[in-house]
Each structure stands twice: as structure tokens, then as C-alpha cells.
>>> print(open('model00.pdb').read())   # PDB, C-alpha atoms and all ligand atoms
ATOM      1  CA  MET A  15     -20.983 -13.107   1.668  1.00  0.00           C
ATOM      2  CA  LEU A  16     -17.944 -13.845   3.844  1.00  0.00           C
ATOM      3  CA  VAL A  17     -19.787 -12.790   7.003  1.00  0.00           C
ATOM      4  CA  ALA A  18     -22.774 -14.957   6.033  1.00  0.00           C
ATOM      5  CA  ARG A  19     -20.487 -17.934   5.479  1.00  0.00           C
ATOM      6  CA  ALA A  20     -18.774 -17.380   8.807  1.00  0.00           C
ATOM      7  CA  ARG A  21     -22.174 -17.272  10.524  1.00  0.00           C
ATOM      8  CA  ALA A  22     -23.274 -20.420   8.739  1.00  0.00           C
ATOM      9  CA  VAL A  23     -20.150 -22.269   9.833  1.00  0.00           C
ATOM     10  CA  CYS A  24     -20.278 -20.868  13.374  1.00  0.00           C
ATOM     11  CA  PRO A  25     -23.874 -20.156  14.502  1.00  0.00           C
ATOM     12  CA  ALA A  26     -22.595 -18.534  17.694  1.00  0.00           C
ATOM     13  CA  LEU A  27     -21.601 -15.589  15.482  1.00  0.00           C
ATOM     14  CA  ALA A  28     -25.157 -15.094  14.216  1.00  0.00           C
ATOM     15  CA  ASP A  29     -25.760 -11.926  16.213  1.00  0.00           C
ATOM     16  CA  ALA A  30     -22.160 -10.844  16.601  1.00  0.00           C
ATOM     17  CA  PRO A  31     -21.530  -7.353  15.222  1.00  0.00           C
ATOM     18  CA  VAL A  32     -18.812  -6.813  12.610  1.00  0.00           C
ATOM     19  CA  VAL A  33     -16.283  -4.744  14.533  1.00  0.00           C
ATOM     20  CA  GLU A  34     -13.624  -4.395  11.840  1.00  0.00           C
ATOM     21  CA  ARG A  35     -13.069  -5.131   8.152  1.00  0.00           C
ATOM     22  CA  TRP A  36      -9.705  -5.656   6.499  1.00  0.00           C
ATOM     23  CA  ALA A  37      -9.124  -7.009   3.015  1.00  0.00           C
ATOM     24  CA  GLY A  38      -5.657  -8.352   3.806  1.00  0.00           C
ATOM     25  CA  VAL A  39      -4.672  -8.097   0.151  1.00  0.00           C
ATOM     26  CA  ARG A  40      -1.019  -7.563  -0.695  1.00  0.00           C
ATOM     27  CA  PRO A  41      -0.600  -4.107  -2.276  1.00  0.00           C
ATOM     28  CA  ARG A  42       0.583  -4.970  -5.791  1.00  0.00           C
ATOM     29  CA  ALA A  43       0.632  -2.478  -8.684  1.00  0.00           C
ATOM     30  CA  SER A  44       0.587  -3.394 -12.371  1.00  0.00           C
ATOM     31  CA  THR A  45       4.051  -4.815 -11.810  1.00  0.00           C
ATOM     32  CA  ARG A  46       5.653  -6.298  -8.708  1.00  0.00           C
ATOM     33  CA  ALA A  47       7.539  -3.027  -8.198  1.00  0.00           C
ATOM     34  CA  PRO A  48       6.430  -0.300  -5.768  1.00  0.00           C
ATOM     35  CA  LEU A  49       4.583   2.615  -7.312  1.00  0.00           C
ATOM     36  CA  MET A  50       5.392   6.168  -6.262  1.00  0.00           C
ATOM     37  CA  GLY A  51       5.233   9.756  -7.401  1.00  0.00           C
ATOM     38  CA  VAL A  52       3.049  12.793  -7.868  1.00  0.00           C
ATOM     39  CA  TRP A  53      -0.584  11.875  -8.388  1.00  0.00           C
ATOM     40  CA  PRO A  54      -1.335  13.078 -11.959  1.00  0.00           C
ATOM     41  CA  GLY A  55      -3.913  15.838 -11.968  1.00  0.00           C
ATOM     42  CA  LYS A  56      -3.905  16.100  -8.154  1.00  0.00           C
ATOM     43  CA  PRO A  57      -1.440  18.848  -7.223  1.00  0.00           C
ATOM     44  CA  GLY A  58       0.010  18.365  -3.754  1.00  0.00           C
ATOM     45  CA  GLN A  59      -1.080  14.720  -3.581  1.00  0.00           C
ATOM     46  CA  PHE A  60       1.199  11.716  -3.941  1.00  0.00           C
ATOM     47  CA  VAL A  61       1.072   7.968  -4.510  1.00  0.00           C
ATOM     48  CA  PHE A  62       3.302   5.582  -2.542  1.00  0.00           C
ATOM     49  CA  ASN A  63       2.043   2.015  -2.609  1.00  0.00           C
ATOM     50  CA  GLY A  64       2.531  -1.351  -4.242  1.00  0.00           C
ATOM     51  CA  GLY A  65       5.053  -2.636  -1.696  1.00  0.00           C
ATOM     52  CA  PHE A  66       3.884  -6.180  -2.397  1.00  0.00           C
ATOM     53  CA  LYS A  67       6.616  -8.640  -1.359  1.00  0.00           C
ATOM     54  CA  ILE A  68       9.492  -6.173  -1.014  1.00  0.00           C
ATOM     55  CA  GLY A  69       7.659  -3.445   0.882  1.00  0.00           C
ATOM     56  CA  PHE A  70       9.124  -4.233   4.306  1.00  0.00           C
ATOM     57  CA  ALA A  71      12.716  -4.072   3.128  1.00  0.00           C
ATOM     58  CA  MET A  72      12.249  -1.077   0.851  1.00  0.00           C
ATOM     59  CA  ALA A  73      10.072   1.047   3.153  1.00  0.00           C
ATOM     60  CA  PRO A  74      12.870   2.931   4.985  1.00  0.00           C
ATOM     61  CA  VAL A  75      14.791   4.049   1.896  1.00  0.00           C
ATOM     62  CA  LEU A  76      11.677   4.691  -0.191  1.00  0.00           C
ATOM     63  CA  ALA A  77      10.239   6.765   2.648  1.00  0.00           C
ATOM     64  CA  GLU A  78      13.319   8.985   2.409  1.00  0.00           C
ATOM     65  CA  VAL A  79      12.905   9.240  -1.373  1.00  0.00           C
ATOM     66  CA  MET A  80       9.256  10.137  -0.924  1.00  0.00           C
ATOM     67  CA  ALA A  81       9.987  12.670   1.832  1.00  0.00           C
ATOM     68  CA  ASP A  82      12.492  14.404  -0.462  1.00  0.00           C
ATOM     69  CA  LEU A  83       9.815  14.674  -3.143  1.00  0.00           C
ATOM     70  CA  VAL A  84       6.992  15.799  -0.859  1.00  0.00           C
ATOM     71  CA  LEU A  85       8.958  18.196   1.326  1.00  0.00           C
ATOM     72  CA  ASP A  86      11.653  19.523  -1.006  1.00  0.00           C
ATOM     73  CA  GLY A  87      10.458  18.721  -4.532  1.00  0.00           C
ATOM     74  CA  VAL A  88      13.596  16.630  -5.095  1.00  0.00           C
ATOM     75  CA  ASP A  89      12.748  13.679  -7.365  1.00  0.00           C
ATOM     76  CA  ARG A  90      15.006  10.634  -6.731  1.00  0.00           C
ATOM     77  CA  ILE A  91      12.378   8.029  -7.641  1.00  0.00           C
ATOM     78  CA  PRO A  92      13.949   5.009  -9.377  1.00  0.00           C
ATOM     79  CA  ALA A  93      12.746   4.774 -12.981  1.00  0.00           C
ATOM     80  CA  GLU A  94      11.177   1.360 -12.481  1.00  0.00           C
ATOM     81  CA  PHE A  95       9.109   2.595  -9.507  1.00  0.00           C
ATOM     82  CA  ARG A  96       7.906   5.734 -11.213  1.00  0.00           C
ATOM     83  CA  LEU A  97       4.177   6.273 -11.546  1.00  0.00           C
ATOM     84  CA  LEU A  98       2.811   5.518 -15.039  1.00  0.00           C
ATOM     85  CA  THR A  99       6.234   4.870 -16.566  1.00  0.00           C
ATOM     86  CA  GLY A 100       7.226   1.632 -14.873  1.00  0.00           C
ATOM     87  CA  PRO A 101       7.665  -1.589 -16.839  1.00  0.00           C
ATOM     88  CA  LYS A 102       4.496  -3.441 -17.823  1.00  0.00           C
ATOM     89  CA  LEU A 103       4.011  -7.157 -17.293  1.00  0.00           C
TER      90      LEU A 103
HETATM   91  C1  LIG A 201      -1.734  -8.166   3.406  1.00  0.00           C
HETATM   92  C2  LIG A 201      -0.356  -7.601   3.114  1.00  0.00           C
HETATM   93  C3  LIG A 201       0.691  -8.475   2.931  1.00  0.00           C
HETATM   94  C4  LIG A 201       1.980  -7.955   2.706  1.00  0.00           C
HETATM   95  N1  LIG A 201       3.002  -8.838   2.567  1.00  0.00           N
HETATM   96  C5  LIG A 201       4.249  -8.372   2.440  1.00  0.00           C
HETATM   97  C6  LIG A 201       5.354  -9.290   2.430  1.00  0.00           C
HETATM   98  O1  LIG A 201       5.199 -10.503   2.533  1.00  0.00           O
HETATM   99  N2  LIG A 201       6.608  -8.789   2.297  1.00  0.00           N
HETATM  100  C7  LIG A 201       6.843  -7.440   2.188  1.00  0.00           C
HETATM  101  O2  LIG A 201       8.012  -7.061   2.090  1.00  0.00           O
HETATM  102  N3  LIG A 201       5.820  -6.557   2.185  1.00  0.00           N
HETATM  103  C8  LIG A 201       4.523  -6.996   2.320  1.00  0.00           C
HETATM  104  N4  LIG A 201       3.490  -6.116   2.344  1.00  0.00           N
HETATM  105  C9  LIG A 201       3.767  -4.696   2.075  1.00  0.00           C
HETATM  106  C10 LIG A 201       4.289  -3.992   3.316  1.00  0.00           C
HETATM  107  O3  LIG A 201       3.405  -4.256   4.408  1.00  0.00           O
HETATM  108  C11 LIG A 201       4.334  -2.479   3.032  1.00  0.00           C
HETATM  109  O4  LIG A 201       5.011  -2.233   1.818  1.00  0.00           O
HETATM  110  C12 LIG A 201       5.052  -1.774   4.171  1.00  0.00           C
HETATM  111  O5  LIG A 201       4.426  -2.056   5.404  1.00  0.00           O
HETATM  112  C13 LIG A 201       5.047  -0.279   3.922  1.00  0.00           C
HETATM  113  O6  LIG A 201       5.641   0.327   5.064  1.00  0.00           O
HETATM  114  P1  LIG A 201       5.371   1.830   5.394  1.00  0.00           P
HETATM  115  O7  LIG A 201       6.090   2.098   6.666  1.00  0.00           O
HETATM  116  O8  LIG A 201       5.697   2.681   4.197  1.00  0.00           O
HETATM  117  O9  LIG A 201       3.790   1.971   5.583  1.00  0.00           O
HETATM  118  P2  LIG A 201       2.857   1.289   6.686  1.00  0.00           P
HETATM  119  O10 LIG A 201       3.393  -0.041   7.139  1.00  0.00           O
HETATM  120  O11 LIG A 201       1.474   1.345   6.091  1.00  0.00           O
HETATM  121  O12 LIG A 201       2.950   2.261   7.933  1.00  0.00           O
HETATM  122  C14 LIG A 201       2.345   3.537   7.926  1.00  0.00           C
HETATM  123  C15 LIG A 201       2.000   3.860   9.379  1.00  0.00           C
HETATM  124  O13 LIG A 201       1.616   5.234   9.445  1.00  0.00           O
HETATM  125  C16 LIG A 201       0.463   5.315  10.247  1.00  0.00           C
HETATM  126  N5  LIG A 201      -0.234   6.523   9.841  1.00  0.00           N
HETATM  127  C17 LIG A 201      -0.930   6.763   8.709  1.00  0.00           C
HETATM  128  N6  LIG A 201      -1.411   8.010   8.688  1.00  0.00           N
HETATM  129  C18 LIG A 201      -0.994   8.593   9.834  1.00  0.00           C
HETATM  130  C19 LIG A 201      -1.162   9.866  10.373  1.00  0.00           C
HETATM  131  N7  LIG A 201      -1.830  10.836   9.737  1.00  0.00           N
HETATM  132  N8  LIG A 201      -0.613  10.138  11.572  1.00  0.00           N
HETATM  133  C20 LIG A 201       0.100   9.176  12.225  1.00  0.00           C
HETATM  134  N9  LIG A 201       0.300   7.926  11.747  1.00  0.00           N
HETATM  135  C21 LIG A 201      -0.236   7.644  10.564  1.00  0.00           C
HETATM  136  C22 LIG A 201      -0.311   4.044  10.003  1.00  0.00           C
HETATM  137  O14 LIG A 201      -1.185   3.755  11.061  1.00  0.00           O
HETATM  138  C23 LIG A 201       0.839   3.025   9.908  1.00  0.00           C
HETATM  139  O15 LIG A 201       1.192   2.509  11.189  1.00  0.00           O
HETATM  140  C24 LIG A 201       2.203  -6.562   2.616  1.00  0.00           C
HETATM  141  C25 LIG A 201       1.118  -5.692   2.791  1.00  0.00           C
HETATM  142  C26 LIG A 201      -0.137  -6.202   3.053  1.00  0.00           C
HETATM  143  C27 LIG A 201      -1.285  -5.243   3.274  1.00  0.00           C
END
>>> encode(input="model00.pdb", output="C-alpha cells", more="lines below")
Ligand SMILES: Cc1cc2nc3c(=O)[nH]c(=O)nc-3n(C[C@H](O)[C@H](O)[C@H](O)COP(=O)(O)OP(=O)(O)OC[C@H]3O[C@@H](n4cnc5c(N)ncnc54)[C@H](O)[C@@H]3O)c2cc1C
Amino acid sequence: MLVARARAVCPALADAPVVERWAGVRPRASTRAPLMGVWPGKPGQFVFNGGFKIGFAMAPVLAEVMADLVLDGVDRIPAEFRLLTGPKL
């Protein structure tokens, strides 16, 4: 749909191949807080997403928190960022 619209607006693109797709959607979880932790039912797999509008600032410290969990099994995840137990809207 988007590609068709772009081609309609700009006929020069009619035969141009799509070289890349990117949604460009901010990663927001059910709240505005990041979402992180062990993926339930998927041993050895983890979730770390939902940075939304604070992801840039929080990335360094949350990466350390996540590394502690993944590498050493040390859980320092803030309660409000915890998978499945964070506050609901
Ligand atoms: C459209 C959009 C808008 C956003 N707007 C904002 C905003 O306004 N403000 C804000 O604070 N946050 C915003 N965010 C969120 C923010 O971008 C993220 O929270 C933040 O970039 C997370 O940083 P990160 O270093 O954890 O991960 P990333 O920035 O995703 O970096 C991970 C890096 O690891 C690389 N990588 C992945 N796998 C491998 C591998 N196996 N080997 C080597 N390299 C690998 C990737 O290529 C990437 O460079 C936005 C995100 C999106 C998508």
C-alpha cells in the first residue's frame, strides 16, 4: 500500500526495487516503561525492548542490568520494568 502510494505520487519509482523496509515505530510496551527479563517459557532467551522515549538515556545502565542477568543470573531489574509485572495503563 505504501509502496503503491509512493509510486503513484512519484512515477519515476514505478520500476524501482524495494531495497529496504523499516517500520520506524517507537518500541513501546504496554506501558511507557522499558520491558526486560527472562522470556517466559523460553529458557535461555530474554526480552529487552520498549525503550520508547527514554531508551537512549537508559540503554547504558539497562544493558549492564541485562548483562548481569544473562551472564551471571543476577536479577537487578527494576520492578516497574519487569516483564509481565509492570504497571498497566
Ligand atoms: C523509531 C524509533 C524511535 C525512537 N525514539 C526514541 C526517542 O525519541 N528517545 C529515546 O530515548 N529512545 C527512542 N527510541 C528507542 C531507542 O532507540 C532504543 O531504546 C535504544 O536505541 C536502545 O539502545 P540499545 O543500545 O540497547 O540497542 P540498539 O540501539 O538497538 O543497538 C543494538 C546494536 O547491536 C547491533 N547488533 C545486534 N545484534 C548483533 C550481533 N549479533 N552482533 C553485533 N552487533 C549486533 C545492532 O546492529 C545495533 O547497532 C526509538 C526507537 C525507534 C525504533
>>> atom_distance(input="model00.pdb", atom1="CA of Met72 (chain A)", atom2="atom C1 of ligand LIG 201 (chain A)")
15.9 Å
>>> atom_distance(input="model00.pdb", atom1="CA of Ala20 (chain A)", atom2="CA of Val32 (chain A)")
11.2 Å
>>> residues_near_ligand(input="model00.pdb", ligand="ligand LIG 201 (chain A)", cutoff="9 Å", atoms="all atoms listed in the file", output="list of chain:residue names")
A:Trp36, A:Ala37, A:Gly38, A:Val39, A:Arg40, A:Pro41, A:Arg42, A:Pro48, A:Phe62, A:Asn63, A:Gly64, A:Gly65, A:Phe66, A:Lys67, A:Ile68, A:Gly69, A:Phe70, A:Ala71, A:Met72, A:Ala73, A:Pro74, A:Leu76, A:Ala77
>>> write_last_selection(input="model00.pdb", atoms="C-alpha atoms", output="compact mmCIF listing (two decimals), in the coordinates of the input")
# COMPACT_ATOMS: atom_id res chain seq x y z
CA TRP A 36 -9.70 -5.66 6.50
CA ALA A 37 -9.12 -7.01 3.02
CA GLY A 38 -5.66 -8.35 3.81
CA VAL A 39 -4.67 -8.10 0.15
CA ARG A 40 -1.02 -7.56 -0.70
CA PRO A 41 -0.60 -4.11 -2.28
CA ARG A 42 0.58 -4.97 -5.79
CA PRO A 48 6.43 -0.30 -5.77
CA PHE A 62 3.30 5.58 -2.54
CA ASN A 63 2.04 2.02 -2.61
CA GLY A 64 2.53 -1.35 -4.24
CA GLY A 65 5.05 -2.64 -1.70
CA PHE A 66 3.88 -6.18 -2.40
CA LYS A 67 6.62 -8.64 -1.36
CA ILE A 68 9.49 -6.17 -1.01
CA GLY A 69 7.66 -3.44 0.88
CA PHE A 70 9.12 -4.23 4.31
CA ALA A 71 12.72 -4.07 3.13
CA MET A 72 12.25 -1.08 0.85
CA ALA A 73 10.07 1.05 3.15
CA PRO A 74 12.87 2.93 4.99
CA LEU A 76 11.68 4.69 -0.19
CA ALA A 77 10.24 6.76 2.65
>>> resolve_selection(input="model00.pdb", expression="the PyMOL selection byres (((chain A and resi 54-57) around 12) and not hetatm)", output="list of chain:residue names")
A:Met50, A:Gly51, A:Val52, A:Trp53, A:Gly58, A:Gln59, A:Phe60, A:Val61, A:Val84, A:Arg96, A:Leu97, A:Leu98
>>> closest_residue(input="model00.pdb", among="A:Arg35, A:Gly87, A:Ala43, A:Ala81", to="Leu16 (chain A)", atoms="only C-alpha atoms")
A:Arg35
>>> atom_distance(input="model00.pdb", atom1="CA of Arg19 (chain A)", atom2="CA of Glu34 (chain A)")
16.5 Å
>>> closest_residue(input="model00.pdb", among="A:Ala18, A:Val88, A:Ala30, A:Met80", to="Leu49 (chain A)", atoms="all atoms listed in the file")
A:Met80
>>> decode(input="model00.pdb", residues="chain A", atoms="C-alpha atoms", output="PDB file, in the first residue's frame")
ATOM      1  CA  MET A  15       0.000   0.000   0.000  1.00  0.00           C
ATOM      2  CA  LEU A  16       2.710   2.489   0.991  1.00  0.00           C
ATOM      3  CA  VAL A  17       4.907   1.463  -1.944  1.00  0.00           C
ATOM      4  CA  ALA A  18       1.944   1.784  -4.327  1.00  0.00           C
ATOM      5  CA  ARG A  19       1.199   5.259  -2.997  1.00  0.00           C
ATOM      6  CA  ALA A  20       4.820   6.295  -3.354  1.00  0.00           C
ATOM      7  CA  ARG A  21       4.802   5.068  -6.962  1.00  0.00           C
ATOM      8  CA  ALA A  22       1.566   6.898  -7.662  1.00  0.00           C
ATOM      9  CA  VAL A  23       2.973  10.142  -6.293  1.00  0.00           C
ATOM     10  CA  CYS A  24       6.347   9.670  -7.998  1.00  0.00           C
ATOM     11  CA  PRO A  25       6.034   7.700 -11.273  1.00  0.00           C
ATOM     12  CA  ALA A  26       9.818   7.587 -11.617  1.00  0.00           C
ATOM     13  CA  LEU A  27       9.725   4.984  -8.829  1.00  0.00           C
ATOM     14  CA  ALA A  28       7.421   2.680 -10.797  1.00  0.00           C
ATOM     15  CA  ASP A  29      10.114   0.118 -11.553  1.00  0.00           C
ATOM     16  CA  ALA A  30      12.408   0.879  -8.647  1.00  0.00           C
ATOM     17  CA  PRO A  31      13.061  -2.171  -6.467  1.00  0.00           C
ATOM     18  CA  VAL A  32      12.352  -2.012  -2.729  1.00  0.00           C
ATOM     19  CA  VAL A  33      15.841  -2.238  -1.263  1.00  0.00           C
ATOM     20  CA  GLU A  34      14.961  -1.957   2.423  1.00  0.00           C
ATOM     21  CA  ARG A  35      11.933  -1.902   4.721  1.00  0.00           C
ATOM     22  CA  TRP A  36      11.809  -0.316   8.154  1.00  0.00           C
ATOM     23  CA  ALA A  37       8.692   0.330  10.197  1.00  0.00           C
ATOM     24  CA  GLY A  38      10.217   3.221  12.137  1.00  0.00           C
ATOM     25  CA  VAL A  39       7.820   2.617  15.015  1.00  0.00           C
ATOM     26  CA  ARG A  40       8.916   3.599  18.505  1.00  0.00           C
ATOM     27  CA  PRO A  41       9.303   0.439  20.623  1.00  0.00           C
ATOM     28  CA  ARG A  42       6.624   0.923  23.286  1.00  0.00           C
ATOM     29  CA  ALA A  43       5.395  -1.864  25.588  1.00  0.00           C
ATOM     30  CA  SER A  44       2.036  -1.921  27.365  1.00  0.00           C
ATOM     31  CA  THR A  45       3.344   0.984  29.410  1.00  0.00           C
ATOM     32  CA  ARG A  46       5.869   3.683  28.556  1.00  0.00           C
ATOM     33  CA  ALA A  47       8.470   1.810  30.618  1.00  0.00           C
ATOM     34  CA  PRO A  48      11.107  -0.499  29.107  1.00  0.00           C
ATOM     35  CA  LEU A  49      10.335  -4.196  29.275  1.00  0.00           C
ATOM     36  CA  MET A  50      13.032  -6.673  30.260  1.00  0.00           C
ATOM     37  CA  GLY A  51      13.585 -10.106  31.711  1.00  0.00           C
ATOM     38  CA  VAL A  52      13.583 -13.816  31.046  1.00  0.00           C
ATOM     39  CA  TRP A  53      11.240 -14.764  28.232  1.00  0.00           C
ATOM     40  CA  PRO A  54       8.580 -16.946  29.944  1.00  0.00           C
ATOM     41  CA  GLY A  55       8.660 -20.489  28.641  1.00  0.00           C
ATOM     42  CA  LYS A  56      11.825 -19.854  26.593  1.00  0.00           C
ATOM     43  CA  PRO A  57      14.784 -20.920  28.738  1.00  0.00           C
ATOM     44  CA  GLY A  58      17.965 -19.072  27.823  1.00  0.00           C
ATOM     45  CA  GLN A  59      16.088 -16.366  25.911  1.00  0.00           C
ATOM     46  CA  PHE A  60      15.482 -12.828  27.119  1.00  0.00           C
ATOM     47  CA  VAL A  61      13.374  -9.768  26.353  1.00  0.00           C
ATOM     48  CA  PHE A  62      14.873  -6.262  26.388  1.00  0.00           C
ATOM     49  CA  ASN A  63      12.765  -3.753  24.498  1.00  0.00           C
ATOM     50  CA  GLY A  64      10.230  -0.990  24.908  1.00  0.00           C
ATOM     51  CA  GLY A  65      12.784   1.825  25.141  1.00  0.00           C
ATOM     52  CA  PHE A  66      10.217   4.212  23.680  1.00  0.00           C
ATOM     53  CA  LYS A  67      11.153   7.797  24.610  1.00  0.00           C
ATOM     54  CA  ILE A  68      13.697   7.025  27.333  1.00  0.00           C
ATOM     55  CA  GLY A  69      15.602   4.271  25.547  1.00  0.00           C
ATOM     56  CA  PHE A  70      18.622   6.380  24.589  1.00  0.00           C
ATOM     57  CA  ALA A  71      19.268   7.582  28.118  1.00  0.00           C
ATOM     58  CA  MET A  72      18.528   4.268  29.804  1.00  0.00           C
ATOM     59  CA  ALA A  73      20.354   1.975  27.364  1.00  0.00           C
ATOM     60  CA  PRO A  74      23.805   2.007  29.044  1.00  0.00           C
ATOM     61  CA  VAL A  75      22.625   1.203  32.570  1.00  0.00           C
ATOM     62  CA  LEU A  76      19.914  -1.215  31.447  1.00  0.00           C
ATOM     63  CA  ALA A  77      22.460  -3.014  29.277  1.00  0.00           C
ATOM     64  CA  GLU A  78      24.518  -3.612  32.421  1.00  0.00           C
ATOM     65  CA  VAL A  79      21.427  -4.869  34.266  1.00  0.00           C
ATOM     66  CA  MET A  80      20.627  -7.177  31.375  1.00  0.00           C
ATOM     67  CA  ALA A  81      24.220  -8.422  31.082  1.00  0.00           C
ATOM     68  CA  ASP A  82      24.183  -9.319  34.789  1.00  0.00           C
ATOM     69  CA  LEU A  83      21.023 -11.354  34.242  1.00  0.00           C
ATOM     70  CA  VAL A  84      22.137 -13.075  31.041  1.00  0.00           C
ATOM     71  CA  LEU A  85      25.737 -13.779  32.003  1.00  0.00           C
ATOM     72  CA  ASP A  86      25.578 -14.247  35.774  1.00  0.00           C
ATOM     73  CA  GLY A  87      21.911 -14.883  36.585  1.00  0.00           C
ATOM     74  CA  VAL A  88      21.896 -11.795  38.822  1.00  0.00           C
ATOM     75  CA  ASP A  89      18.464 -10.132  38.644  1.00  0.00           C
ATOM     76  CA  ARG A  90      18.626  -6.344  39.271  1.00  0.00           C
ATOM     77  CA  ILE A  91      15.676  -5.470  37.023  1.00  0.00           C
ATOM     78  CA  PRO A  92      13.665  -2.544  38.435  1.00  0.00           C
ATOM     79  CA  ALA A  93      10.173  -3.690  39.431  1.00  0.00           C
ATOM     80  CA  GLU A  94       8.454  -1.324  37.021  1.00  0.00           C
ATOM     81  CA  PHE A  95      10.484  -2.648  34.059  1.00  0.00           C
ATOM     82  CA  ARG A  96       9.951  -6.288  34.884  1.00  0.00           C
ATOM     83  CA  LEU A  97       8.338  -8.497  32.272  1.00  0.00           C
ATOM     84  CA  LEU A  98       4.646  -9.241  32.942  1.00  0.00           C
ATOM     85  CA  THR A  99       4.595  -7.493  36.320  1.00  0.00           C
ATOM     86  CA  GLY A 100       4.987  -3.866  35.309  1.00  0.00           C
ATOM     87  CA  PRO A 101       2.227  -1.325  35.905  1.00  0.00           C
ATOM     88  CA  LYS A 102      -0.690  -1.361  33.469  1.00  0.00           C
ATOM     89  CA  LEU A 103      -2.056   1.758  31.817  1.00  0.00           C
TER      90      LEU A 103
END
